[in-house]
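One structure is given here, and the rest of the page talks about it.
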Amino acid sequence: MKVLSAAEIDAALDDLALIDRLDGLFRAGCEMPVRHHHPIREPLGPGSVDAMLLLMPAWTTGASGRVGVKVVTVFPDNGRRSLPSIYGQYLLLDGSTGATLALLDGTMLTKRRTACASGLASRYLSRADAARLLMIGTGALAPELIRVHAKVRPIDDVAIWGRTAAQAEALAARLSVSLPAAIGRPVTVRAVGDREAAVRDADIISCATLSTTPLVEGGWLRDGQHVDLVGAYTPQMRESDDRAMQRARLYVDTRAGALKEGGDIVQAIASGAIGSADVIADLFELARGLQTGRAAGDATSITLFKSVGAALEDLAAAELAVEMAVEATAR
């Protein structure tokens, strides 16, 4: 059995190669039950924030089939103890025998595949000339999303907004050094304090937070923008308001997950602002050409992608990470 640490996964995975792998598996498909949610009530005692245990299985069949399952815990109160709020491990099994092939750090795997799923959506939905990116949120996903968006589109200006200005400034300072090296070209990275002005100015708005109130308002959006909503993974959370959902052409990673779990979609449907039929396509349909994203030359449509995560993405990332790690060892 191969064991891959966070650092080994990070070194093994290439963003564009992972986007291609995700595209291929969304096109081919796999067995993917809706993920299991198991609330853990007040884990630190009365008054503490509820935690969550998530189980995400997926498998393919045939001679080269694989079975995978990710076990994730979400403990929001961990921040008070200077601990990550999310932990995870991924188990990859042989699809024909059930034998264990690899154990991978699930936290790094999740970060890399989540950002690349947004990158895949951006390929289909954002303008090819998108140059200005706004990142709302300063958590662990923020640098991943920024780097991937900057590899998919010719981003030359990155604005970062966070509830804590010091964290946005610290992230901007760090990425000012690392991002140009990662993407191979100059790019400006800066912290911003005026969220509305930053939303209005951006070509792509990426949001990765635990917010329960809208951070992107529909009245701020303009023609040609692409909105990438990665947080709000429960029905109680949301990062956009109803007006944003009404103004945009709506896409999701998977219909089953987004219509059940994505707070932005769930709450907008519950209020009557949109209906489930207003979701144009998921990544399965885009990858298979059953629905279209942004047409070439379309500079006016507002597109919105809501991601809640899918076990297919973990399986694709785990397989690629193990393949690349084995290849690197053999060299």
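Chain labels A, B, ... are given in the sequence in which chains occur in the structure tokens; within each chain residues are numbered consecutively from 1, and ligands are likewise numbered from 1 in the order shown.
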
Closest contacts (region 119-157 of chain A/region 172-178 of chain A, max 12 Å, only C-alpha atoms) as a tab-separated table:
residue	atom	partner	partner_atom	distance
A:Leu134	CA	A:Ala172	CA	11.6
A:Met135	CA	A:Ala172	CA	10.3
A:Gly137	CA	A:Ala172	CA	11.6
A:Thr138	CA	A:Ala172	CA	9.4
A:Ala142	CA	A:Leu175	CA	10.4
A:Pro143	CA	A:Leu175	CA	7.5
A:Glu144	CA	A:Leu175	CA	10.5
A:Leu145	CA	A:Leu175	CA	11.9
A:Ile146	CA	A:Leu175	CA	9.1
A:Arg147	CA	A:Leu175	CA	9.1
A:Ala150	CA	A:Leu175	CA	11.9
A:Asp156	CA	A:Ser176	CA	11.4
A:Asp157	CA	A:Ser176	CA	10.5

Contacts between region 285-307 of chain A and region 182-259 of chain A, please, where a residue of region 182-259 of chain A counts if it comes within 8 Å (with only C-alpha atoms); show its shortest atom pair and distance in Å to one decimal, rows by chain and ascending number, as JSON lines.
{"residue": "A:Leu221", "atom": "CA", "partner": "A:Ile302", "partner_atom": "CA", "distance": 7.9}
{"residue": "A:Arg222", "atom": "CA", "partner": "A:Ile302", "partner_atom": "CA", "distance": 7.2}
{"residue": "A:Asp223", "atom": "CA", "partner": "A:Thr300", "partner_atom": "CA", "distance": 4.4}
{"residue": "A:Gly224", "atom": "CA", "partner": "A:Thr300", "partner_atom": "CA", "distance": 4.3}
{"residue": "A:Gln225", "atom": "CA", "partner": "A:Ile302", "partner_atom": "CA", "distance": 5.0}
{"residue": "A:His226", "atom": "CA", "partner": "A:Thr303", "partner_atom": "CA", "distance": 4.8}
{"residue": "A:Val227", "atom": "CA", "partner": "A:Leu304", "partner_atom": "CA", "distance": 4.5}
{"residue": "A:Asp228", "atom": "CA", "partner": "A:Phe305", "partner_atom": "CA", "distance": 5.0}
{"residue": "A:Leu229", "atom": "CA", "partner": "A:Lys306", "partner_atom": "CA", "distance": 4.9}
{"residue": "A:Val230", "atom": "CA", "partner": "A:Ser307", "partner_atom": "CA", "distance": 5.1}
{"residue": "A:Gly231", "atom": "CA", "partner": "A:Ser307", "partner_atom": "CA", "distance": 7.6}
{"residue": "A:Tyr233", "atom": "CA", "partner": "A:Ser307", "partner_atom": "CA", "distance": 7.9}
{"residue": "A:Met245", "atom": "CA", "partner": "A:Leu304", "partner_atom": "CA", "distance": 7.7}
{"residue": "A:Arg247", "atom": "CA", "partner": "A:Ile302", "partner_atom": "CA", "distance": 7.0}
{"residue": "A:Ala248", "atom": "CA", "partner": "A:Ile302", "partner_atom": "CA", "distance": 4.8}
{"residue": "A:Arg249", "atom": "CA", "partner": "A:Thr303", "partner_atom": "CA", "distance": 4.7}
{"residue": "A:Leu250", "atom": "CA", "partner": "A:Leu304", "partner_atom": "CA", "distance": 5.1}
{"residue": "A:Tyr251", "atom": "CA", "partner": "A:Phe305", "partner_atom": "CA", "distance": 4.8}
{"residue": "A:Val252", "atom": "CA", "partner": "A:Lys306", "partner_atom": "CA", "distance": 4.7}
{"residue": "A:Asp253", "atom": "CA", "partner": "A:Ser307", "partner_atom": "CA", "distance": 5.3}
{"residue": "A:Thr254", "atom": "CA", "partner": "A:Ser307", "partner_atom": "CA", "distance": 7.9}
{"residue": "A:Ala258", "atom": "CA", "partner": "A:Ser307", "partner_atom": "CA", "distance": 6.9}

Picked from region 209-271 of chain A by DSSP as alpha helix (DSSP H), as a list of chain:residue names: A:Asp242, A:Arg243, A:Ala244, A:Met245, A:Gln246, A:Arg247, A:Arg255, A:Ala256, A:Gly257, A:Ala258, A:Leu259, A:Lys260, A:Glu261, A:Gly263, A:Asp264, A:Ile265, A:Val266, A:Gln267, A:Ala268, A:Ile269, A:Ala270, A:Ser271

Which of region 23-171 of chain A fall in strand (DSSP E or B), as an MDAnalysis selection string: chainID A and resid 31 36:40 51:59 66:74 86:94 100:105 132:136 157:161

Go ahead and write the residues just picked, N, CA and C atoms, as a short mmCIF file (atom, residue, chain, number, x, y, z; two decimals), in the first residue's frame.
data_model
loop_
_atom_site.label_atom_id
_atom_site.label_comp_id
_atom_site.auth_asym_id
_atom_site.auth_seq_id
_atom_site.Cartn_x
_atom_site.Cartn_y
_atom_site.Cartn_z
N GLU A 31 -19.81 5.49 -10.61
CA GLU A 31 -20.83 5.33 -9.57
C GLU A 31 -20.50 6.30 -8.43
N HIS A 36 -22.65 11.11 2.42
CA HIS A 36 -23.31 10.94 3.71
C HIS A 36 -22.92 12.09 4.63
N HIS A 37 -23.93 12.71 5.27
CA HIS A 37 -23.70 13.74 6.28
C HIS A 37 -24.11 13.20 7.64
N HIS A 38 -23.23 13.30 8.60
CA HIS A 38 -23.56 12.86 9.96
C HIS A 38 -23.20 13.99 10.93
N PRO A 39 -24.18 14.75 11.40
CA PRO A 39 -23.90 15.84 12.35
C PRO A 39 -23.37 15.30 13.68
N ILE A 40 -22.42 16.01 14.23
CA ILE A 40 -21.89 15.72 15.57
C ILE A 40 -22.25 16.91 16.44
N ALA A 51 -20.30 19.93 14.75
CA ALA A 51 -19.32 19.43 13.79
C ALA A 51 -20.02 18.51 12.79
N MET A 52 -19.27 18.01 11.81
CA MET A 52 -19.85 17.18 10.77
C MET A 52 -18.88 16.10 10.34
N LEU A 53 -19.39 14.88 10.17
CA LEU A 53 -18.64 13.78 9.58
C LEU A 53 -19.20 13.53 8.19
N LEU A 54 -18.33 13.56 7.17
CA LEU A 54 -18.74 13.36 5.79
C LEU A 54 -18.06 12.12 5.22
N LEU A 55 -18.83 11.30 4.52
CA LEU A 55 -18.31 10.12 3.85
C LEU A 55 -18.64 10.25 2.36
N MET A 56 -17.61 10.15 1.50
CA MET A 56 -17.80 10.39 0.07
C MET A 56 -17.22 9.22 -0.73
N PRO A 57 -18.04 8.24 -1.11
CA PRO A 57 -17.57 7.11 -1.90
C PRO A 57 -17.79 7.30 -3.40
N ALA A 58 -16.96 6.64 -4.20
CA ALA A 58 -17.13 6.62 -5.65
C ALA A 58 -16.34 5.44 -6.19
N TRP A 59 -16.79 4.89 -7.34
CA TRP A 59 -16.04 3.80 -7.93
C TRP A 59 -16.30 3.67 -9.42
N ARG A 66 -11.43 1.39 -10.00
CA ARG A 66 -10.96 1.79 -8.68
C ARG A 66 -12.15 2.13 -7.79
N VAL A 67 -11.99 1.89 -6.50
CA VAL A 67 -12.97 2.27 -5.49
C VAL A 67 -12.28 3.25 -4.55
N GLY A 68 -12.95 4.33 -4.21
CA GLY A 68 -12.37 5.29 -3.29
C GLY A 68 -13.40 5.81 -2.32
N VAL A 69 -12.94 6.17 -1.14
CA VAL A 69 -13.84 6.81 -0.18
C VAL A 69 -13.03 7.83 0.63
N LYS A 70 -13.61 9.00 0.77
CA LYS A 70 -13.00 10.04 1.58
C LYS A 70 -13.77 10.20 2.88
N VAL A 71 -13.04 10.29 3.97
CA VAL A 71 -13.62 10.54 5.28
C VAL A 71 -13.17 11.93 5.72
N VAL A 72 -14.13 12.81 5.94
CA VAL A 72 -13.82 14.21 6.26
C VAL A 72 -14.54 14.60 7.55
N THR A 73 -13.85 15.34 8.39
CA THR A 73 -14.47 15.94 9.57
C THR A 73 -14.38 17.46 9.45
N VAL A 74 -15.46 18.13 9.82
CA VAL A 74 -15.51 19.59 9.82
C VAL A 74 -15.85 20.05 11.23
N ILE A 86 -10.96 21.55 9.00
CA ILE A 86 -11.27 20.38 8.19
C ILE A 86 -10.09 19.41 8.18
N TYR A 87 -10.38 18.14 8.45
CA TYR A 87 -9.41 17.06 8.32
C TYR A 87 -10.00 16.00 7.40
N GLY A 88 -9.13 15.27 6.70
CA GLY A 88 -9.64 14.21 5.85
C GLY A 88 -8.58 13.22 5.43
N GLN A 89 -9.03 11.99 5.14
CA GLN A 89 -8.16 10.96 4.59
C GLN A 89 -8.89 10.30 3.44
N TYR A 90 -8.12 9.81 2.46
CA TYR A 90 -8.72 9.16 1.29
C TYR A 90 -8.13 7.77 1.14
N LEU A 91 -9.01 6.79 0.97
CA LEU A 91 -8.62 5.39 0.80
C LEU A 91 -8.93 4.98 -0.63
N LEU A 92 -7.91 4.55 -1.37
CA LEU A 92 -8.06 4.11 -2.75
C LEU A 92 -7.87 2.60 -2.81
N LEU A 93 -8.86 1.90 -3.43
CA LEU A 93 -8.88 0.44 -3.47
C LEU A 93 -8.91 -0.05 -4.91
N ASP A 94 -8.42 -1.27 -5.11
CA ASP A 94 -8.52 -1.92 -6.41
C ASP A 94 -9.97 -2.28 -6.68
N THR A 100 -6.41 -2.77 -0.84
CA THR A 100 -6.01 -1.39 -0.61
C THR A 100 -4.81 -1.03 -1.47
N LEU A 101 -4.93 0.06 -2.21
CA LEU A 101 -3.83 0.53 -3.06
C LEU A 101 -3.07 1.68 -2.43
N ALA A 102 -3.80 2.62 -1.81
CA ALA A 102 -3.13 3.81 -1.29
C ALA A 102 -3.98 4.50 -0.24
N LEU A 103 -3.29 5.17 0.65
CA LEU A 103 -3.92 6.05 1.63
C LEU A 103 -3.34 7.43 1.39
N LEU A 104 -4.21 8.41 1.15
CA LEU A 104 -3.76 9.76 0.80
C LEU A 104 -4.30 10.78 1.78
N ASP A 105 -3.52 11.82 1.99
CA ASP A 105 -3.99 12.93 2.82
C ASP A 105 -5.21 13.57 2.16
N ARG A 132 -8.98 39.99 -14.65
CA ARG A 132 -9.03 40.48 -13.27
C ARG A 132 -9.82 39.50 -12.40
N LEU A 133 -9.17 39.02 -11.35
CA LEU A 133 -9.76 38.04 -10.45
C LEU A 133 -9.95 38.65 -9.07
N LEU A 134 -11.12 38.45 -8.48
CA LEU A 134 -11.36 38.79 -7.08
C LEU A 134 -11.52 37.51 -6.30
N MET A 135 -10.74 37.36 -5.25
CA MET A 135 -10.87 36.23 -4.32
C MET A 135 -11.49 36.73 -3.04
N ILE A 136 -12.68 36.21 -2.71
CA ILE A 136 -13.35 36.54 -1.45
C ILE A 136 -13.11 35.38 -0.50
N ASP A 157 -4.27 40.57 -12.66
CA ASP A 157 -4.55 41.37 -11.47
C ASP A 157 -5.43 40.55 -10.54
N VAL A 158 -4.96 40.34 -9.31
CA VAL A 158 -5.70 39.57 -8.31
C VAL A 158 -5.98 40.47 -7.11
N ALA A 159 -7.27 40.62 -6.78
CA ALA A 159 -7.68 41.35 -5.58
C ALA A 159 -8.16 40.33 -4.56
N ILE A 160 -7.82 40.54 -3.30
CA ILE A 160 -8.21 39.61 -2.23
C ILE A 160 -8.97 40.39 -1.16
N TRP A 161 -10.18 39.93 -0.84
CA TRP A 161 -10.97 40.52 0.23
C TRP A 161 -11.22 39.48 1.31
#

Selection: 7 Å around region 239-242 of chain A, only C-alpha atoms, excl. self and same-chain fewer than 4 positions, as a list in words: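 These residues fall inside the cut-off: Ser211, Thr212, Thr213, Pro214, Leu215, Val216, Glu217, Gly218, Leu229, Ala232, Gln246, Asp264, Ala268 and Ala273 of chain A.
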
Written selection (N, CA and C atoms) as a compact mmCIF listing (two decimals), in the first residue's frame:
# COMPACT_ATOMS: atom_id res chain seq x y z
N SER A 211 -19.60 31.56 5.00
CA SER A 211 -20.58 32.61 5.26
C SER A 211 -22.01 32.06 5.25
N THR A 212 -22.84 32.64 6.09
CA THR A 212 -24.28 32.34 6.09
C THR A 212 -25.08 33.53 5.55
N THR A 213 -24.39 34.59 5.15
CA THR A 213 -25.05 35.76 4.57
C THR A 213 -24.36 36.11 3.26
N PRO A 214 -25.08 36.66 2.29
CA PRO A 214 -24.50 36.93 0.97
C PRO A 214 -23.31 37.87 1.02
N LEU A 215 -22.29 37.52 0.24
CA LEU A 215 -21.10 38.35 0.08
C LEU A 215 -21.01 38.93 -1.33
N VAL A 216 -21.71 38.29 -2.25
CA VAL A 216 -21.76 38.76 -3.64
C VAL A 216 -23.22 39.11 -3.94
N GLU A 217 -23.49 40.38 -4.19
CA GLU A 217 -24.87 40.82 -4.44
C GLU A 217 -25.10 41.00 -5.94
N GLY A 218 -26.29 40.56 -6.37
CA GLY A 218 -26.60 40.62 -7.79
C GLY A 218 -26.58 42.01 -8.37
N LEU A 229 -18.63 30.05 -6.89
CA LEU A 229 -19.00 29.93 -5.48
C LEU A 229 -18.61 28.55 -4.96
N ALA A 232 -20.29 27.64 1.20
CA ALA A 232 -21.73 27.40 1.36
C ALA A 232 -22.10 25.97 0.96
N GLN A 246 -30.68 35.14 -9.93
CA GLN A 246 -31.62 35.46 -11.01
C GLN A 246 -30.92 36.04 -12.23
N ASP A 264 -26.64 28.41 -1.71
CA ASP A 264 -27.01 29.45 -2.66
C ASP A 264 -28.16 29.00 -3.55
N ALA A 268 -32.31 30.02 -2.77
CA ALA A 268 -32.94 30.77 -3.86
C ALA A 268 -34.17 30.04 -4.39
N ALA A 273 -37.11 32.62 -5.92
CA ALA A 273 -36.34 33.47 -6.84
C ALA A 273 -35.99 32.72 -8.12

Separation of CA of Gln267 (chain A) from CA of Glu196 (chain A) in Å: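 If I compute the distance from CA of Glu196 (chain A) to CA of Gln267 (chain A), I get 22.0 Å.
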